[in-house]
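Shown below: my_file-v9.cif, with mmCIF, C-alpha atoms.
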```
data_my_file
#
loop_
_atom_site.group_PDB
_atom_site.id
_atom_site.type_symbol
_atom_site.label_atom_id
_atom_site.label_comp_id
_atom_site.auth_asym_id
_atom_site.auth_seq_id
_atom_site.Cartn_x
_atom_site.Cartn_y
_atom_site.Cartn_z
ATOM 1 C CA MET A 1 72.057 88.320 58.335
ATOM 2 C CA LYS A 2 70.808 87.566 61.823
ATOM 3 C CA ALA A 3 72.084 89.823 64.595
ATOM 4 C CA ILE A 4 71.149 90.796 68.145
ATOM 5 C CA ALA A 5 70.707 94.530 68.711
ATOM 6 C CA LEU A 6 69.972 96.378 71.929
ATOM 7 C CA ALA A 7 66.548 97.979 72.321
ATOM 8 C CA GLY A 8 67.965 100.340 74.945
ATOM 9 C CA PHE A 9 69.804 99.328 78.104
ATOM 10 C CA GLY A 10 68.304 97.011 80.689
ATOM 11 C CA GLY A 11 67.566 93.334 81.329
ATOM 12 C CA ILE A 12 67.877 90.489 78.859
ATOM 13 C CA GLU A 13 64.605 91.581 77.272
ATOM 14 C CA VAL A 14 66.515 94.355 75.465
ATOM 15 C CA LEU A 15 68.426 91.728 73.432
ATOM 16 C CA GLN A 16 66.390 91.805 70.218
ATOM 17 C CA TYR A 17 66.931 89.474 67.270
ATOM 18 C CA THR A 18 66.909 91.309 63.975
ATOM 19 C CA GLU A 19 67.955 91.127 60.320
ATOM 20 C CA ILE A 20 70.581 93.582 59.098
ATOM 21 C CA PRO A 21 72.780 93.760 55.981
ATOM 22 C CA VAL A 22 75.995 91.772 55.904
ATOM 23 C CA PRO A 23 78.833 94.254 56.542
ATOM 24 C CA VAL A 24 81.414 94.958 53.844
ATOM 25 C CA PRO A 25 85.027 94.807 55.033
ATOM 26 C CA GLY A 26 86.858 98.064 54.426
ATOM 27 C CA ALA A 27 90.552 98.560 53.824
ATOM 28 C CA GLY A 28 92.603 96.563 56.307
ATOM 29 C CA ALA A 29 89.618 94.464 57.427
ATOM 30 C CA VAL A 30 88.227 91.005 56.781
ATOM 31 C CA LEU A 31 84.702 89.625 56.881
ATOM 32 C CA VAL A 32 84.359 86.702 59.278
ATOM 33 C CA ALA A 33 81.530 84.177 59.230
ATOM 34 C CA VAL A 34 81.153 83.778 62.978
ATOM 35 C CA LYS A 35 81.059 80.263 64.427
ATOM 36 C CA ALA A 36 81.356 81.045 68.151
ATOM 37 C CA ILE A 37 81.053 84.079 70.441
ATOM 38 C CA SER A 38 82.433 84.317 73.972
ATOM 39 C CA ILE A 39 80.326 86.135 76.582
ATOM 40 C CA ASN A 40 82.053 88.257 79.224
ATOM 41 C CA PRO A 41 80.980 90.207 82.305
ATOM 42 C CA VAL A 42 81.500 93.406 80.301
ATOM 43 C CA ASP A 43 78.807 92.208 77.890
ATOM 44 C CA VAL A 44 76.167 91.943 80.605
ATOM 45 C CA LYS A 45 77.308 95.141 82.320
ATOM 46 C CA THR A 46 77.106 97.064 79.059
ATOM 47 C CA ARG A 47 73.691 95.619 78.261
ATOM 48 C CA ALA A 48 72.544 96.928 81.651
ATOM 49 C CA GLY A 49 73.889 100.426 80.920
ATOM 50 C CA LYS A 50 77.261 100.122 82.666
ATOM 51 C CA GLY A 51 80.509 98.652 81.365
ATOM 52 C CA VAL A 52 81.365 100.466 78.134
ATOM 53 C CA ALA A 53 77.788 101.631 77.525
ATOM 54 C CA GLY A 54 78.960 105.243 77.680
ATOM 55 C CA ARG A 55 81.165 104.673 74.643
ATOM 56 C CA LEU A 56 78.343 103.113 72.612
ATOM 57 C CA LYS A 57 75.238 105.067 73.635
ATOM 58 C CA GLU A 58 75.384 107.429 70.634
ATOM 59 C CA GLU A 59 75.416 104.558 68.117
ATOM 60 C CA SER A 60 72.180 104.276 66.111
ATOM 61 C CA VAL A 61 72.198 100.478 66.449
ATOM 62 C CA ILE A 62 74.173 98.837 69.246
ATOM 63 C CA ILE A 63 75.308 95.257 68.711
ATOM 64 C CA LEU A 64 77.172 93.856 71.695
ATOM 65 C CA GLY A 65 80.038 91.393 71.732
ATOM 66 C CA TRP A 66 83.750 91.433 71.009
ATOM 67 C CA ASP A 67 85.001 87.822 71.154
ATOM 68 C CA ILE A 68 84.724 85.756 67.987
ATOM 69 C CA SER A 69 86.044 82.694 66.241
ATOM 70 C CA GLY A 70 85.088 81.959 62.675
ATOM 71 C CA VAL A 71 86.083 81.706 59.014
ATOM 72 C CA VAL A 72 87.272 84.488 56.712
ATOM 73 C CA VAL A 73 84.836 84.844 53.787
ATOM 74 C CA ALA A 74 86.029 88.145 52.274
ATOM 75 C CA VAL A 75 89.187 90.237 52.466
ATOM 76 C CA GLY A 76 89.430 94.024 52.271
ATOM 77 C CA VAL A 77 91.991 96.060 50.373
ATOM 78 C CA GLY A 78 95.485 95.913 51.779
ATOM 79 C CA VAL A 79 95.069 92.685 53.767
ATOM 80 C CA SER A 80 97.800 90.124 53.141
ATOM 81 C CA ALA A 81 97.908 88.264 56.467
ATOM 82 C CA PHE A 82 94.660 86.352 55.844
ATOM 83 C CA LYS A 83 92.856 84.773 52.927
ATOM 84 C CA VAL A 84 89.371 83.442 52.315
ATOM 85 C CA GLY A 85 88.932 80.149 54.157
ATOM 86 C CA ASP A 86 91.293 80.943 57.043
ATOM 87 C CA GLU A 87 89.962 80.106 60.484
ATOM 88 C CA VAL A 88 90.610 83.077 62.757
ATOM 89 C CA PHE A 89 89.826 84.330 66.255
ATOM 90 C CA GLY A 90 90.187 87.547 68.172
ATOM 91 C CA MET A 91 88.704 90.356 70.240
ATOM 92 C CA VAL A 92 87.216 92.941 67.895
ATOM 93 C CA ASN A 93 87.410 96.707 68.501
ATOM 94 C CA PHE A 94 87.438 96.538 72.294
ATOM 95 C CA PRO A 95 86.587 98.787 74.079
ATOM 96 C CA GLY A 96 84.722 100.209 71.101
ATOM 97 C CA HIS A 97 81.874 98.785 69.052
ATOM 98 C CA GLY A 98 82.640 95.138 68.323
ATOM 99 C CA ARG A 99 79.288 94.113 66.797
ATOM 100 C CA ALA A 100 80.051 90.453 67.468
ATOM 101 C CA TYR A 101 76.489 89.247 68.174
ATOM 102 C CA ALA A 102 75.917 88.535 64.501
ATOM 103 C CA GLU A 103 76.388 85.921 61.808
ATOM 104 C CA TYR A 104 79.094 88.021 60.134
ATOM 105 C CA VAL A 105 81.577 90.517 61.590
ATOM 106 C CA ALA A 106 83.827 92.943 59.741
ATOM 107 C CA ALA A 107 87.007 92.911 61.821
ATOM 108 C CA PRO A 108 90.315 94.758 61.488
ATOM 109 C CA ALA A 109 92.838 92.202 60.297
ATOM 110 C CA ASP A 110 95.405 93.436 62.805
ATOM 111 C CA GLN A 111 93.143 92.337 65.678
ATOM 112 C CA LEU A 112 92.909 88.679 64.619
ATOM 113 C CA ALA A 113 95.109 85.595 64.568
ATOM 114 C CA ILE A 114 94.942 82.216 62.881
ATOM 115 C CA LYS A 115 93.065 79.718 65.051
ATOM 116 C CA PRO A 116 95.173 76.673 65.979
ATOM 117 C CA ALA A 117 93.921 73.684 64.027
ATOM 118 C CA HIS A 118 93.366 71.475 67.075
ATOM 119 C CA THR A 119 91.491 74.213 68.962
ATOM 120 C CA SER A 120 87.714 74.227 68.478
ATOM 121 C CA HIS A 121 85.843 77.411 67.637
ATOM 122 C CA GLU A 122 84.295 77.301 71.119
ATOM 123 C CA GLU A 123 87.700 77.092 72.792
ATOM 124 C CA ALA A 124 89.177 79.770 70.525
ATOM 125 C CA ALA A 125 86.339 82.250 71.080
ATOM 126 C CA ALA A 126 86.777 81.759 74.825
ATOM 127 C CA ALA A 127 90.497 82.582 74.585
ATOM 128 C CA THR A 128 90.080 86.168 73.462
ATOM 129 C CA LEU A 129 89.145 88.989 75.893
ATOM 130 C CA ALA A 130 89.780 86.882 79.004
ATOM 131 C CA ALA A 131 93.029 85.353 77.765
ATOM 132 C CA LEU A 132 94.231 88.706 76.415
ATOM 133 C CA THR A 133 93.520 90.315 79.789
ATOM 134 C CA ALA A 134 95.645 87.683 81.514
ATOM 135 C CA TRP A 135 98.417 88.025 78.918
ATOM 136 C CA GLN A 136 98.528 91.814 78.888
ATOM 137 C CA GLY A 137 98.262 91.981 82.684
ATOM 138 C CA LEU A 138 100.938 89.424 83.532
ATOM 139 C CA VAL A 139 103.358 89.955 80.659
ATOM 140 C CA LYS A 140 103.046 93.585 79.600
ATOM 141 C CA HIS A 141 101.970 95.347 82.780
ATOM 142 C CA ALA A 142 103.288 93.221 85.646
ATOM 143 C CA VAL A 143 106.213 91.365 84.031
ATOM 144 C CA ILE A 144 105.999 88.209 86.169
ATOM 145 C CA LYS A 145 109.404 86.687 86.914
ATOM 146 C CA GLN A 146 110.638 83.193 87.721
ATOM 147 C CA GLY A 147 109.953 82.376 91.362
ATOM 148 C CA ASP A 148 107.483 85.214 92.026
ATOM 149 C CA ARG A 149 104.680 84.387 94.444
ATOM 150 C CA VAL A 150 101.555 85.226 92.470
ATOM 151 C CA LEU A 151 98.021 85.404 93.853
ATOM 152 C CA ILE A 152 95.183 85.059 91.338
ATOM 153 C CA HIS A 153 91.714 85.919 92.630
ATOM 154 C CA ALA A 154 88.652 84.196 91.134
ATOM 155 C CA ALA A 155 91.065 81.651 89.708
ATOM 156 C CA ALA A 156 88.276 79.477 88.295
ATOM 157 C CA GLY A 157 86.708 82.375 86.376
ATOM 158 C CA GLY A 158 87.221 83.631 82.846
ATOM 159 C CA VAL A 159 90.332 85.771 83.278
ATOM 160 C CA GLY A 160 91.490 83.858 86.347
ATOM 161 C CA HIS A 161 91.713 80.422 84.784
ATOM 162 C CA TYR A 162 93.942 81.722 81.994
ATOM 163 C CA ALA A 163 96.015 83.781 84.438
ATOM 164 C CA VAL A 164 96.788 80.716 86.566
ATOM 165 C CA GLN A 165 98.067 78.803 83.541
ATOM 166 C CA LEU A 166 100.059 81.742 82.228
ATOM 167 C CA ALA A 167 101.650 82.619 85.585
ATOM 168 C CA LYS A 168 102.730 78.996 86.002
ATOM 169 C CA HIS A 169 104.194 79.020 82.493
ATOM 170 C CA LEU A 170 106.181 82.136 83.428
ATOM 171 C CA GLY A 171 107.744 80.277 86.353
ATOM 172 C CA ALA A 172 105.738 81.736 89.224
ATOM 173 C CA TYR A 173 104.552 80.008 92.373
ATOM 174 C CA VAL A 174 100.814 80.342 91.862
ATOM 175 C CA ILE A 175 98.119 80.637 94.523
ATOM 176 C CA GLY A 176 94.519 80.738 93.344
ATOM 177 C CA THR A 177 91.376 81.689 95.229
ATOM 178 C CA SER A 178 87.930 80.306 94.509
ATOM 179 C CA SER A 179 85.069 78.521 96.214
ATOM 180 C CA ALA A 180 85.723 75.057 97.613
ATOM 181 C CA ALA A 181 83.664 73.612 94.766
ATOM 182 C CA ASN A 182 86.239 74.845 92.243
ATOM 183 C CA LYS A 183 89.361 73.697 94.100
ATOM 184 C CA ASP A 184 90.037 70.748 91.800
ATOM 185 C CA LEU A 185 89.696 72.915 88.691
ATOM 186 C CA VAL A 186 92.104 75.546 90.031
ATOM 187 C CA LEU A 187 94.712 72.933 90.945
ATOM 188 C CA SER A 188 94.263 71.172 87.603
ATOM 189 C CA LEU A 189 95.154 74.441 85.867
ATOM 190 C CA GLY A 190 98.561 74.341 87.558
ATOM 191 C CA ALA A 191 98.081 76.334 90.764
ATOM 192 C CA ASP A 192 100.484 75.328 93.529
ATOM 193 C CA GLU A 193 97.997 76.262 96.243
ATOM 194 C CA HIS A 194 94.267 76.818 96.467
ATOM 195 C CA ILE A 195 92.539 79.130 98.931
ATOM 196 C CA ASP A 196 88.856 78.780 99.687
ATOM 197 C CA TYR A 197 87.895 82.431 100.041
ATOM 198 C CA ALA A 198 84.964 81.541 102.300
ATOM 199 C CA ALA A 199 86.916 79.315 104.705
ATOM 200 C CA GLN A 200 89.359 81.728 106.324
ATOM 201 C CA PRO A 201 90.661 85.309 106.104
ATOM 202 C CA LEU A 202 93.175 85.805 103.316
ATOM 203 C CA ASP A 203 95.892 87.017 105.706
ATOM 204 C CA LYS A 204 95.662 83.709 107.602
ATOM 205 C CA ALA A 205 95.925 81.685 104.414
ATOM 206 C CA THR A 206 98.925 83.226 102.647
ATOM 207 C CA GLY A 207 101.566 85.976 102.638
ATOM 208 C CA ASP A 208 104.759 87.326 101.046
ATOM 209 C CA ILE A 209 102.974 87.831 97.725
ATOM 210 C CA ASP A 210 104.890 89.558 94.917
ATOM 211 C CA PHE A 211 101.973 90.091 92.563
ATOM 212 C CA VAL A 212 98.175 90.033 92.813
ATOM 213 C CA LEU A 213 95.718 89.918 89.940
ATOM 214 C CA ASP A 214 92.421 91.155 91.345
ATOM 215 C CA THR A 215 89.392 90.463 89.178
ATOM 216 C CA ILE A 216 86.875 91.169 91.956
ATOM 217 C CA GLY A 217 87.502 94.673 93.327
ATOM 218 C CA GLY A 218 85.838 96.266 96.334
ATOM 219 C CA ASP A 219 87.159 95.168 99.732
ATOM 220 C CA ASN A 220 89.221 92.524 97.966
ATOM 221 C CA ILE A 221 91.850 95.160 97.249
ATOM 222 C CA ASP A 222 92.306 95.883 100.968
ATOM 223 C CA ARG A 223 92.522 92.191 101.866
ATOM 224 C CA SER A 224 95.073 91.615 99.121
ATOM 225 C CA LEU A 225 97.371 94.476 100.129
ATOM 226 C CA VAL A 226 97.752 92.982 103.614
ATOM 227 C CA VAL A 227 99.398 89.809 102.261
ATOM 228 C CA MET A 228 101.775 91.527 99.827
ATOM 229 C CA LYS A 229 105.484 92.316 100.036
ATOM 230 C CA LYS A 230 106.551 95.936 99.932
ATOM 231 C CA GLY A 231 107.562 96.766 96.390
ATOM 232 C CA GLY A 232 105.096 94.197 95.029
ATOM 233 C CA SER A 233 102.444 94.915 92.415
ATOM 234 C CA ILE A 234 98.680 94.582 92.295
ATOM 235 C CA ILE A 235 96.561 94.995 89.181
ATOM 236 C CA SER A 236 92.820 95.429 89.545
ATOM 237 C CA ILE A 237 90.641 94.663 86.534
ATOM 238 C CA PRO A 238 87.111 95.842 87.509
ATOM 239 C CA SER A 239 86.288 99.234 86.029
ATOM 240 C CA GLY A 240 85.997 102.297 88.224
ATOM 241 C CA LEU A 241 88.773 101.256 90.613
ATOM 242 C CA ARG A 242 91.707 103.097 89.056
ATOM 243 C CA GLU A 243 92.213 105.636 91.841
ATOM 244 C CA ALA A 244 91.267 103.261 94.663
ATOM 245 C CA VAL A 245 93.845 100.622 93.842
ATOM 246 C CA VAL A 246 96.625 103.101 93.042
ATOM 247 C CA ASP A 247 96.134 105.202 96.180
ATOM 248 C CA LYS A 248 95.599 102.325 98.600
ATOM 249 C CA ALA A 249 98.622 100.452 97.261
ATOM 250 C CA ARG A 250 100.893 103.498 97.428
ATOM 251 C CA GLU A 251 100.132 103.941 101.114
ATOM 252 C CA LYS A 252 101.587 100.472 101.753
ATOM 253 C CA GLY A 253 104.624 100.780 99.504
ATOM 254 C CA ILE A 254 103.054 98.658 96.770
ATOM 255 C CA ASN A 255 102.622 99.391 93.076
ATOM 256 C CA GLY A 256 98.927 99.482 92.257
ATOM 257 C CA SER A 257 97.467 99.843 88.782
ATOM 258 C CA PHE A 258 94.378 99.384 86.676
ATOM 259 C CA PHE A 259 94.250 98.623 82.982
ATOM 260 C CA MET A 260 91.698 97.888 80.310
ATOM 261 C CA VAL A 261 92.487 95.167 77.817
ATOM 262 C CA GLN A 262 93.024 96.320 74.225
ATOM 263 C CA SER A 263 92.468 94.518 70.933
ATOM 264 C CA SER A 264 95.747 93.279 69.477
ATOM 265 C CA GLY A 265 96.422 90.794 66.717
ATOM 266 C CA GLU A 266 100.045 90.575 67.842
ATOM 267 C CA ASP A 267 98.962 89.479 71.313
ATOM 268 C CA MET A 268 96.344 87.134 69.839
ATOM 269 C CA ALA A 269 99.140 85.428 67.908
ATOM 270 C CA LYS A 270 100.928 84.816 71.222
ATOM 271 C CA ILE A 271 97.720 83.330 72.650
ATOM 272 C CA ALA A 272 97.449 81.124 69.555
ATOM 273 C CA GLU A 273 100.989 79.833 70.111
ATOM 274 C CA LEU A 274 100.211 79.002 73.736
ATOM 275 C CA LEU A 275 97.013 77.194 72.750
ATOM 276 C CA GLN A 276 98.857 75.307 70.026
ATOM 277 C CA SER A 277 101.612 74.194 72.408
ATOM 278 C CA GLY A 278 99.172 73.188 75.146
ATOM 279 C CA VAL A 279 100.422 75.806 77.619
ATOM 280 C CA LEU A 280 96.954 77.353 77.640
ATOM 281 C CA ARG A 281 93.626 75.580 77.454
ATOM 282 C CA SER A 282 90.141 76.996 77.587
ATOM 283 C CA HIS A 283 87.681 75.682 80.142
ATOM 284 C CA VAL A 284 84.289 76.167 78.484
ATOM 285 C CA SER A 285 81.662 75.323 81.065
ATOM 286 C CA GLN A 286 78.529 76.029 79.047
ATOM 287 C CA VAL A 287 77.645 76.421 75.372
ATOM 288 C CA PHE A 288 74.396 78.060 74.268
ATOM 289 C CA PRO A 289 72.827 78.330 70.799
ATOM 290 C CA PHE A 290 72.530 81.797 69.249
ATOM 291 C CA GLY A 291 68.814 81.792 69.979
ATOM 292 C CA GLU A 292 69.504 81.612 73.730
ATOM 293 C CA MET A 293 71.725 84.639 74.151
ATOM 294 C CA GLY A 294 69.561 85.804 77.062
ATOM 295 C CA ALA A 295 70.230 82.573 78.950
ATOM 296 C CA ALA A 296 73.959 82.980 78.340
ATOM 297 C CA HIS A 297 73.785 86.485 79.818
ATOM 298 C CA VAL A 298 71.901 85.222 82.865
ATOM 299 C CA GLN A 299 74.602 82.619 83.486
ATOM 300 C CA VAL A 300 77.458 85.126 83.228
ATOM 301 C CA GLU A 301 75.545 87.641 85.327
ATOM 302 C CA SER A 302 75.259 85.049 88.115
ATOM 303 C CA GLY A 303 78.990 85.439 88.825
ATOM 304 C CA ARG A 304 79.246 81.675 89.263
ATOM 305 C CA THR A 305 80.665 80.662 85.909
ATOM 306 C CA ARG A 306 83.570 78.210 85.816
ATOM 307 C CA GLY A 307 85.838 79.293 83.008
ATOM 308 C CA LYS A 308 83.903 80.624 80.039
ATOM 309 C CA VAL A 309 80.419 80.734 78.530
ATOM 310 C CA VAL A 310 80.237 80.488 74.718
ATOM 311 C CA VAL A 311 77.412 81.004 72.227
ATOM 312 C CA MET A 312 77.438 79.079 68.938
ATOM 313 C CA VAL A 313 76.181 80.795 65.790
#
```

For this file, write the structure as structure tokens.
Amino acid sequence: MKAIALAGFGGIEVLQYTEIPVPVPGAGAVLVAVKAISINPVDVKTRAGKGVAGRLKEESVIILGWDISGVVVAVGVGVSAFKVGDEVFGMVNFPGHGRAYAEYVAAPADQLAIKPAHTSHEEAAAATLAALTAWQGLVKHAVIKQGDRVLIHAAAGGVGHYAVQLAKHLGAYVIGTSSAANKDLVLSLGADEHIDYAAQPLDKATGDIDFVLDTIGGDNIDRSLVVMKKGGSIISIPSGLREAVVDKAREKGINGSFFMVQSSGEDMAKIAELLQSGVLRSHVSQVFPFGEMGAAHVQVESGRTRGKVVVMV
């Protein structure tokens, strides 16, 4: 089968197309013929030697990618939840070795869910790592309540655009930040207010925030803490900020935390329900063919992506 392996860590030139054997699904796993792959910032960071590169560097062959949507073509021993022909989607083995940049992926069955029939493979692949991050952050870690004032940074981005929709579904008053160019998108996702991060300081634009989802990091944490209520919560997603967000928040009487999204078929099933009901929708801004994986990485690396970038296999 065709796959893309890393020839070391570095620029997009290390993404090398190769032929490798089709994997055999072991006990508890299924073999998925991949139709679409979602590309995330962690993909490009890992390719460059950051992200989760430290977890993968000892692998003899590194194949990036975690987000897939496709069709089950073989079922391992002990799998009863899926059968050959099922259309499934999920985030595979994150933060381990997902091996998603390939025509076929052997995936643990308990990390997948049935793809809603009306959701395309592109839209389903998009709604994996990013949607799971929003779900796990807002439902499992933060527990957003009816009437909470919620601030979502980078609200037009991958995680952000799902978080806006989910927070609104949970009954929050949602404020989203983005560039002026993405105002209409953010409001169309259900945000009650939009803040142009370049137009004015955050503390002049809003206040009394119960919960902040920070997908940017750096000085953004400090700016966010200023507009929050005491006893509120802030979750920062970018890696390497665990101590910074916890310590800075504590000084202001705010609960600060960091978490890394985890593969979960149970949570994917919740995402599937929300897609099926129309509560969540994926905004896929660009679709690339498998032969242009480098171009997809360049787009994600730009930091200017609206919603998600997807690669079709």

Contacts of Val42 of chain A at 7 Å or less, counting all atoms listed in the file, minus same-chain residues fewer than 3 places along, as a compact mmCIF listing (two decimals) with C-alpha atoms, in the frame of the given file?
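The result, written out as selection.txt:
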```txt
# COMPACT_ATOMS: atom_id res chain seq x y z
CA LYS A 45 77.31 95.14 82.32
CA THR A 46 77.11 97.06 79.06
CA GLY A 51 80.51 98.65 81.36
```

Answer key for the PyMOL selection byres ((chain A and resi 292-297) around 10), residues as a tab-separated table (two decimals) with C-alpha atoms, keeping the file's coordinate frame:
```
chain	number	residue	atom	x	y	z
A	4	ILE	CA	71.15	90.80	68.14
A	11	GLY	CA	67.57	93.33	81.33
A	12	ILE	CA	67.88	90.49	78.86
A	13	GLU	CA	64.60	91.58	77.27
A	14	VAL	CA	66.52	94.36	75.46
A	15	LEU	CA	68.43	91.73	73.43
A	16	GLN	CA	66.39	91.80	70.22
A	17	TYR	CA	66.93	89.47	67.27
A	38	SER	CA	82.43	84.32	73.97
A	39	ILE	CA	80.33	86.14	76.58
A	40	ASN	CA	82.05	88.26	79.22
A	41	PRO	CA	80.98	90.21	82.30
A	43	ASP	CA	78.81	92.21	77.89
A	44	VAL	CA	76.17	91.94	80.60
A	45	LYS	CA	77.31	95.14	82.32
A	47	ARG	CA	73.69	95.62	78.26
A	101	TYR	CA	76.49	89.25	68.17
A	286	GLN	CA	78.53	76.03	79.05
A	287	VAL	CA	77.64	76.42	75.37
A	288	PHE	CA	74.40	78.06	74.27
A	289	PRO	CA	72.83	78.33	70.80
A	290	PHE	CA	72.53	81.80	69.25
A	291	GLY	CA	68.81	81.79	69.98
A	298	VAL	CA	71.90	85.22	82.86
A	299	GLN	CA	74.60	82.62	83.49
A	300	VAL	CA	77.46	85.13	83.23
A	301	GLU	CA	75.54	87.64	85.33
A	302	SER	CA	75.26	85.05	88.12
A	309	VAL	CA	80.42	80.73	78.53
A	310	VAL	CA	80.24	80.49	74.72
A	311	VAL	CA	77.41	81.00	72.23
A	312	MET	CA	77.44	79.08	68.94
```

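The interatomic distance for the pair atom CA of Lys50 of chain A and atom CA of Gly10 of chain A works out to 9.7 Å.
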
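With all atoms listed in the file as the atoms that count, the residue of A:Val52, A:Leu202, A:Ala107, A:Ile68 with the shortest distance to Val24 of chain A is A:Ala107.
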
Query raised in the report: Smallest atom-to-atom distance to Lys140 of chain A: which of A:Val261, A:Val279, A:Ala126, A:Val73, using all atoms listed in the file?
Result: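 Looking only at the distances to Lys140 of chain A, the closest residue turns out to be A:Val261.
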
Report task. Could you tell me how far atom CA of Ala5 of chain A lies from atom CA of Ile62 of chain A, in Å and to one decimal? Result -> 5.6 Å

**Report entry** Pick from A:Ala134, A:His161, A:Val313, A:Asn182 nearest to Gly70 of chain A, counting all atoms listed in the file
**Finding:**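 Comparing A:Ala134, A:His161, A:Val313, A:Asn182 against Gly70 of chain A, the winner is A:Val313.
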
Report task. Name all residues at most 7 Å from Gly158 of chain A (count only C-alpha atoms; drop same-chain ones fewer than 2 positions away) and give them as JSON, numbers by chain. Result -> {"A": [130, 156, 160, 161, 307, 308]}

Box time for segment 186-193 of chain A: axis-aligned, enclosing all its listed atoms, 8 Å extra on each side; report centre and edge lengths in Å to one decimal, as AutoDock Vina command-line options.
```
--center_x 96.3 --center_y 73.8 --center_z 91.1 --size_x 24.4 --size_y 21.2 --size_z 26.4
```

Report task. Let me know the residues the PyMOL selection byres ((chain A and resi 253) around 8) catches in the file above, as number ranges by chain. Result -> A: 230-232, 249-252, 254-255

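Ranking A:Ala131, A:Ala117, A:Ala155, A:Ala100 by their shortest atom-to-atom distance to Leu189 of chain A, with all atoms listed in the file included, puts A:Ala155 first.
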
Query - Atomic separation - atom CA of Asp86 of chain A relative to atom CA of Ser285 of chain A, Å - result: 26.5 Å

Query raised in the report: Looking at A:Ile221, A:Ala102, A:Ala127, A:Leu166, which one is nearest to Ser282 of chain A, with distances taken over all atoms listed in the file?
Result: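 Nearest candidate to Ser282 of chain A out of A:Ile221, A:Ala102, A:Ala127, A:Leu166: A:Ala127.
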
**Report entry** Evaluate the PyMOL selection byres ((chain A and resi 108) around 6) and report residues as an NGL selection string
**Finding:** :A and (28-29 or 107 or 109-111)
